[in-house]
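Beneath this line is the structure, given in structure tokens, with notes to follow.
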Amino acid sequence: MKTPSSGIAGPWARLTAVSALALILAASLPPTLAVAQDAAATSTAPVLSLDEALRRAALVDPSLAPTQARRQASRAAVRQADVRPNPTLGVMVENFPTIGGGDLFRRTETTLTAERRFERGGDRSARVSLAEAEGLLVDATARIRQLDRLEQVQRAWAEALAAQAELEIARERLDLAERFQTEVGRRVDMARDPLFAGARAEAELAQAQIDFDQAGITVRVANISLARFWDGSSDFTLGAETFADTRSALDVTDGVAQADLDIFVAQRDIAVARVAVETARARSDATVSAGVRHFGDGNDLGFVVGASIPLGRYDQNLGAIDRARAEGLAAEGDLAAARIDREREIARLQVQVMARASEARRIGQETLPQAERAVVLVRDGFNRGGFTYNDVISAQTALLQTRARRVAVLKQFHIDRARLDRLTGAHGALILALETQP
């Protein structure tokens, strides 16, 4: 039996199954075939920039449809809040005779009245203001959700870049292990090194091959994960120079993302509008009625007019007014606290981003050249018999660790940059452009 929600769950279930299958295939692909396919794809695949990745993800944001529905609901709430109370039509029949008491129509009196309630104290305008403030909260919440999703896209893009850089390190390690295994094998054949040196070199080569294969799988999985944000294919490259580019550290943006503050402003405005609503409710509404009375005995007609207004003797709605005012003060305090917290986090990230950019630049300019020179010198000395196998391994390990450290710093730089862009609302213009496009 098909449940009402099966029509919605079906496409999502199929999408999840396709994503899982893609990841499994990427992980289970034979290493040699996978590397060959990656090399062929890299030569023809287009370069995917961060701006393009963000644009693709924003265009197919799954929250757009429910957000549009919520906005329609808020507009409907504004229309409903602006509606006046309905008039009331009433009828009353009096002097029903008892059983056997005579003619029914000659002794009854029938009154037909029309009543209308007049709102006093600005109820309608207060309701409209409250509904409009709730609509602003819907807009602010939607923008925050979109900014959060774009941050996830930017982080996935950074992780894909880092995976690509780690693959290059694994490829370099594999190349070094292959060359060194060849050299050690030649020295073992010449009886210049013991047999265990050759076995150790072969083990190092095997481990380097495993690490290279795993790094290739990680790249494919990272690209697939990134492409899932727009339900597209992963036939793209990211560009190695993009990962090492730290010039964005100089783009210091001041100010908190407006959407993060708008949600507190909307909550404050809702509390203020609710105070007006509760204050208006404290003033009793007047009800005016007018009608016609028919007297059965004689068929006479008479006009009746009435009015009523509740007395504010006990319930003056003071508790609801005080509650709304307290909620307004709380929202104002939340706004100030949120601004301070986000400004402090932005200042910390700005310093951290610049520090990581400086560290990555110094590693590339100072540490890496020295480590590369040390490997060349040790290998030359090893070929001449001046260094041991352990010396060569140590030099190569130090070089690879330096490269891995630089990759880790750059990866964290881009992740911190993604968080900084989120807090400052750097992608707000993209969201606004998509909202205003036809």
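As shown in the structure tokens, the chain order sets the letters A, B, ...; within each chain, residues go from 1, and ligands are also counted from 1 in the order they appear.
For region 110-171 of chain A, a DSSP pass over the backbone yields strand (DSSP E or B) at Thr110, Thr111, Leu112, Thr113, Ala114, Glu115, Arg116, Arg117 and Phe118 of chain A.
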How would the residues just chosen look if you wrote them out with C-alpha atoms as a PDB file, in the first residue's frame?
```pdb
ATOM      1  CA  THR A 110     -39.959  37.333  16.131  1.00  0.00           C
ATOM      2  CA  THR A 111     -36.881  39.570  16.122  1.00  0.00           C
ATOM      3  CA  LEU A 112     -34.391  39.691  13.247  1.00  0.00           C
ATOM      4  CA  THR A 113     -31.118  41.498  14.053  1.00  0.00           C
ATOM      5  CA  ALA A 114     -27.837  42.324  12.388  1.00  0.00           C
ATOM      6  CA  GLU A 115     -24.748  42.847  14.580  1.00  0.00           C
ATOM      7  CA  ARG A 116     -21.356  44.221  13.838  1.00  0.00           C
ATOM      8  CA  ARG A 117     -18.291  44.334  16.050  1.00  0.00           C
ATOM      9  CA  PHE A 118     -16.136  47.463  15.851  1.00  0.00           C
TER      10      PHE A 118
END
```
Using only C-alpha atoms, determine which residues lie at most 9 Å from region 243-257 of chain A, disregarding the query and same-chain residues fewer than 6 positions distant; provide the list as number ranges by chain.
A: 158, 161-162, 165, 339, 342-343, 346-347, 350, 353-358, 360-361, 407, 410-411, 413-414, 417, 420-426, 428
Those residues with C-alpha atoms, as a PDB file, in the first residue's frame please?
```pdb
ATOM      1  CA  ALA A 158      38.496  23.202  -0.358  1.00  0.00           C
ATOM      2  CA  LEU A 161      41.475  20.865  -3.667  1.00  0.00           C
ATOM      3  CA  ALA A 162      43.362  19.395  -0.712  1.00  0.00           C
ATOM      4  CA  ALA A 165      47.231  18.178  -3.670  1.00  0.00           C
ATOM      5  CA  ARG A 339      26.674  41.039  16.822  1.00  0.00           C
ATOM      6  CA  ARG A 342      30.197  37.309  15.302  1.00  0.00           C
ATOM      7  CA  GLU A 343      32.468  40.346  15.227  1.00  0.00           C
ATOM      8  CA  ILE A 346      35.385  37.421  12.322  1.00  0.00           C
ATOM      9  CA  ALA A 347      38.368  39.199  13.889  1.00  0.00           C
ATOM     10  CA  GLN A 350      40.927  37.304   9.807  1.00  0.00           C
ATOM     11  CA  VAL A 353      43.658  33.318   7.704  1.00  0.00           C
ATOM     12  CA  MET A 354      46.550  35.747   7.337  1.00  0.00           C
ATOM     13  CA  ALA A 355      48.717  33.621   9.648  1.00  0.00           C
ATOM     14  CA  ARG A 356      48.045  30.457   7.653  1.00  0.00           C
ATOM     15  CA  ALA A 357      48.728  32.251   4.378  1.00  0.00           C
ATOM     16  CA  SER A 358      52.046  33.473   5.769  1.00  0.00           C
ATOM     17  CA  ALA A 360      52.154  28.354   3.691  1.00  0.00           C
ATOM     18  CA  ARG A 361      54.155  30.983   1.824  1.00  0.00           C
ATOM     19  CA  VAL A 407      48.979  21.057   2.113  1.00  0.00           C
ATOM     20  CA  LEU A 410      46.547  25.496   2.820  1.00  0.00           C
ATOM     21  CA  LYS A 411      43.545  23.254   3.385  1.00  0.00           C
ATOM     22  CA  PHE A 413      43.368  28.288   5.114  1.00  0.00           C
ATOM     23  CA  HIS A 414      40.608  27.628   2.586  1.00  0.00           C
ATOM     24  CA  ARG A 417      38.234  31.412   4.441  1.00  0.00           C
ATOM     25  CA  LEU A 420      34.954  33.918   7.177  1.00  0.00           C
ATOM     26  CA  ASP A 421      32.993  34.368   3.952  1.00  0.00           C
ATOM     27  CA  ARG A 422      29.957  32.877   5.677  1.00  0.00           C
ATOM     28  CA  LEU A 423      30.127  35.197   8.685  1.00  0.00           C
ATOM     29  CA  THR A 424      30.665  38.300   6.566  1.00  0.00           C
ATOM     30  CA  GLY A 425      28.002  37.361   4.017  1.00  0.00           C
ATOM     31  CA  ALA A 426      30.442  37.407   1.111  1.00  0.00           C
ATOM     32  CA  GLY A 428      24.982  37.475  -0.277  1.00  0.00           C
TER      33      GLY A 428
END
```
From the set A:Ala191, A:Val184, A:Leu349, A:Leu136, which residue has the shortest atom-to-atom contact distance to Ile415 (chain A), counting only C-alpha atoms?
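Counting only C-alpha atoms, the residue closest to Ile415 (chain A) is A:Leu349.
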Could you state the separation of CA of Ala418 (chain A) and CA of Arg348 (chain A) in Å, given to one decimal place?
13.7 Å
Using backbone DSSP assignments, extract all alpha helix (DSSP H) residues from region 111-271 of chain A; output them as a ChimeraX atom specification.
/A:123-189,195-227,240-244,258-271
What does the structure give for the distance between CA of Leu226 (chain A) and CA of Ala160 (chain A), in Å to one decimal?
7.5 Å
Residues within 10 Å of Ala371 (chain A), only C-alpha atoms, excluding chain neighbours under 6 positions, as a PyMOL selection string:
chain A and resi 377+395-403
Output N, CA, C and O atoms of each residue in that selection to a file, as a tab-separated table (two decimals), in the first residue's frame.
```tsv
chain	number	residue	atom	x	y	z
A	377	LEU	N	71.25	15.94	-2.23
A	377	LEU	CA	72.59	15.73	-1.68
A	377	LEU	C	72.74	14.33	-1.08
A	377	LEU	O	73.76	13.65	-1.29
A	395	ALA	N	65.71	11.62	4.63
A	395	ALA	CA	65.64	12.85	3.84
A	395	ALA	C	64.36	12.90	3.02
A	395	ALA	O	63.70	13.95	2.93
A	396	GLN	N	64.01	11.78	2.41
A	396	GLN	CA	62.79	11.75	1.61
A	396	GLN	C	61.54	11.92	2.49
A	396	GLN	O	60.60	12.62	2.12
A	397	THR	N	61.56	11.29	3.66
A	397	THR	CA	60.43	11.44	4.59
A	397	THR	C	60.28	12.88	5.04
A	397	THR	O	59.16	13.41	5.12
A	398	ALA	N	61.38	13.55	5.31
A	398	ALA	CA	61.32	14.95	5.73
A	398	ALA	C	60.74	15.83	4.62
A	398	ALA	O	59.94	16.75	4.89
A	399	LEU	N	61.12	15.54	3.37
A	399	LEU	CA	60.59	16.31	2.25
A	399	LEU	C	59.08	16.11	2.11
A	399	LEU	O	58.32	17.08	1.96
A	400	LEU	N	58.66	14.84	2.17
A	400	LEU	CA	57.23	14.57	2.02
A	400	LEU	C	56.44	15.14	3.20
A	400	LEU	O	55.31	15.63	3.01
A	401	GLN	N	56.99	15.10	4.39
A	401	GLN	CA	56.31	15.69	5.54
A	401	GLN	C	56.18	17.20	5.40
A	401	GLN	O	55.17	17.78	5.79
A	402	THR	N	57.20	17.82	4.83
A	402	THR	CA	57.12	19.27	4.61
A	402	THR	C	56.03	19.60	3.60
A	402	THR	O	55.25	20.55	3.79
A	403	ARG	N	55.97	18.82	2.52
A	403	ARG	CA	54.91	19.05	1.54
A	403	ARG	C	53.53	18.79	2.15
A	403	ARG	O	52.57	19.55	1.89
```
Do you have, as CSV, the list of residues of region 117-225 of chain A lying at most 10 Å from region 266-286 of chain A, each with its nearest atom pair and that distance in Å to one decimal, counting only C-alpha atoms and ordered by chain then number?
```
residue,atom,partner,partner_atom,distance
A:Arg117,CA,A:Ala286,CA,5.8
A:Phe118,CA,A:Ala286,CA,5.3
A:Glu119,CA,A:Asp285,CA,4.9
A:Arg120,CA,A:Asp285,CA,5.4
A:Gly121,CA,A:Ala280,CA,4.6
A:Gly122,CA,A:Ala280,CA,5.8
A:Asp123,CA,A:Ala280,CA,5.2
A:Arg124,CA,A:Val277,CA,8.5
A:Ser125,CA,A:Val277,CA,8.6
A:Ala126,CA,A:Val277,CA,5.1
A:Arg127,CA,A:Val277,CA,6.1
A:Val128,CA,A:Ala273,CA,8.8
A:Ser129,CA,A:Ala273,CA,5.9
A:Leu130,CA,A:Ala273,CA,4.9
A:Ala131,CA,A:Ile270,CA,8.2
A:Glu132,CA,A:Ile270,CA,8.6
A:Ala133,CA,A:Ile270,CA,5.3
A:Glu134,CA,A:Ile270,CA,6.3
A:Gly135,CA,A:Ala266,CA,8.6
A:Leu136,CA,A:Ala266,CA,5.9
A:Leu137,CA,A:Ala266,CA,5.1
A:Val138,CA,A:Ala266,CA,8.9
A:Asp139,CA,A:Ala266,CA,9.4
A:Ala140,CA,A:Ala266,CA,7.8
A:Thr141,CA,A:Ala266,CA,9.7
```
Go ahead and save the residues from that selection, with N, CA and C atoms, as a JSON list (two decimals), in the first residue's frame.
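File produced: part.json:
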```json
[["chain", "number", "residue", "atom", "x", "y", "z"],
["A", 117, "ARG", "N", -19.27, 44.01, 15.02],
["A", 117, "ARG", "CA", -18.29, 44.33, 16.05],
["A", 117, "ARG", "C", -17.28, 45.34, 15.51],
["A", 118, "PHE", "N", -17.08, 46.41, 16.24],
["A", 118, "PHE", "CA", -16.14, 47.46, 15.85],
["A", 118, "PHE", "C", -14.87, 47.33, 16.71],
["A", 119, "GLU", "N", -13.76, 47.10, 16.03],
["A", 119, "GLU", "CA", -12.49, 46.93, 16.74],
["A", 119, "GLU", "C", -11.97, 48.30, 17.18],
["A", 120, "ARG", "N", -11.62, 48.39, 18.41],
["A", 120, "ARG", "CA", -11.10, 49.64, 18.98],
["A", 120, "ARG", "C", -9.64, 49.42, 19.37],
["A", 121, "GLY", "N", -8.85, 50.47, 19.25],
["A", 121, "GLY", "CA", -7.45, 50.38, 19.67],
["A", 121, "GLY", "C", -6.49, 49.99, 18.58],
["A", 122, "GLY", "N", -6.93, 49.92, 17.32],
["A", 122, "GLY", "CA", -6.01, 49.60, 16.22],
["A", 122, "GLY", "C", -5.68, 48.14, 16.10],
["A", 123, "ASP", "N", -6.66, 47.26, 16.36],
["A", 123, "ASP", "CA", -6.41, 45.81, 16.27],
["A", 123, "ASP", "C", -5.94, 45.39, 14.89],
["A", 124, "ARG", "N", -6.62, 45.87, 13.86],
["A", 124, "ARG", "CA", -6.32, 45.39, 12.51],
["A", 124, "ARG", "C", -4.93, 45.80, 12.07],
["A", 125, "SER", "N", -4.56, 47.05, 12.26],
["A", 125, "SER", "CA", -3.22, 47.50, 11.86],
["A", 125, "SER", "C", -2.13, 46.79, 12.66],
["A", 126, "ALA", "N", -2.42, 46.50, 13.94],
["A", 126, "ALA", "CA", -1.45, 45.78, 14.76],
["A", 126, "ALA", "C", -1.27, 44.35, 14.25],
["A", 127, "ARG", "N", -2.38, 43.70, 13.87],
["A", 127, "ARG", "CA", -2.27, 42.34, 13.32],
["A", 127, "ARG", "C", -1.48, 42.33, 12.02],
["A", 128, "VAL", "N", -1.70, 43.33, 11.18],
["A", 128, "VAL", "CA", -0.98, 43.40, 9.90],
["A", 128, "VAL", "C", 0.52, 43.58, 10.15],
["A", 129, "SER", "N", 0.87, 44.45, 11.08],
["A", 129, "SER", "CA", 2.29, 44.67, 11.40],
["A", 129, "SER", "C", 2.93, 43.39, 11.92],
["A", 130, "LEU", "N", 2.22, 42.65, 12.74],
["A", 130, "LEU", "CA", 2.75, 41.39, 13.26],
["A", 130, "LEU", "C", 2.96, 40.38, 12.14],
["A", 131, "ALA", "N", 2.01, 40.26, 11.24],
["A", 131, "ALA", "CA", 2.15, 39.31, 10.12],
["A", 131, "ALA", "C", 3.30, 39.71, 9.20],
["A", 132, "GLU", "N", 3.47, 41.01, 8.97],
["A", 132, "GLU", "CA", 4.58, 41.46, 8.12],
["A", 132, "GLU", "C", 5.92, 41.17, 8.79],
["A", 133, "ALA", "N", 6.00, 41.36, 10.11],
["A", 133, "ALA", "CA", 7.25, 41.05, 10.81],
["A", 133, "ALA", "C", 7.56, 39.56, 10.76],
["A", 134, "GLU", "N", 6.55, 38.73, 10.86],
["A", 134, "GLU", "CA", 6.77, 37.29, 10.73],
["A", 134, "GLU", "C", 7.23, 36.93, 9.32],
["A", 135, "GLY", "N", 6.77, 37.66, 8.32],
["A", 135, "GLY", "CA", 7.25, 37.43, 6.96],
["A", 135, "GLY", "C", 8.72, 37.78, 6.81],
["A", 136, "LEU", "N", 9.17, 38.85, 7.47],
["A", 136, "LEU", "CA", 10.59, 39.21, 7.45],
["A", 136, "LEU", "C", 11.44, 38.13, 8.11],
["A", 137, "LEU", "N", 10.91, 37.50, 9.14],
["A", 137, "LEU", "CA", 11.63, 36.41, 9.79],
["A", 137, "LEU", "C", 11.79, 35.23, 8.83],
["A", 138, "VAL", "N", 10.77, 34.96, 8.04],
["A", 138, "VAL", "CA", 10.87, 33.89, 7.03],
["A", 138, "VAL", "C", 11.97, 34.20, 6.03],
["A", 139, "ASP", "N", 12.04, 35.44, 5.56],
["A", 139, "ASP", "CA", 13.08, 35.83, 4.59],
["A", 139, "ASP", "C", 14.47, 35.69, 5.20],
["A", 140, "ALA", "N", 14.64, 36.17, 6.43],
["A", 140, "ALA", "CA", 15.96, 36.11, 7.08],
["A", 140, "ALA", "C", 16.38, 34.66, 7.30],
["A", 141, "THR", "N", 15.45, 33.83, 7.73],
["A", 141, "THR", "CA", 15.77, 32.41, 7.95],
["A", 141, "THR", "C", 16.17, 31.74, 6.65]]
```
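Among the candidate residues A:Arg200, A:Arg155, A:Arg55, A:His427, the one lying nearest to Ala222 (chain A) is A:Arg155, with distances computed using only C-alpha atoms.
A straight line drawn from CA of Val376 (chain A) to CA of Leu195 (chain A) is 24.3 Å long.
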Test item: residues at most 12 Å from region 429-434 of chain A, only C-alpha atoms, excluding those fewer than 2 positions along its chain, as a PyMOL selection string:
chain A and resi 51-61+64+139+142-150+257-259+421+424-427+436-438
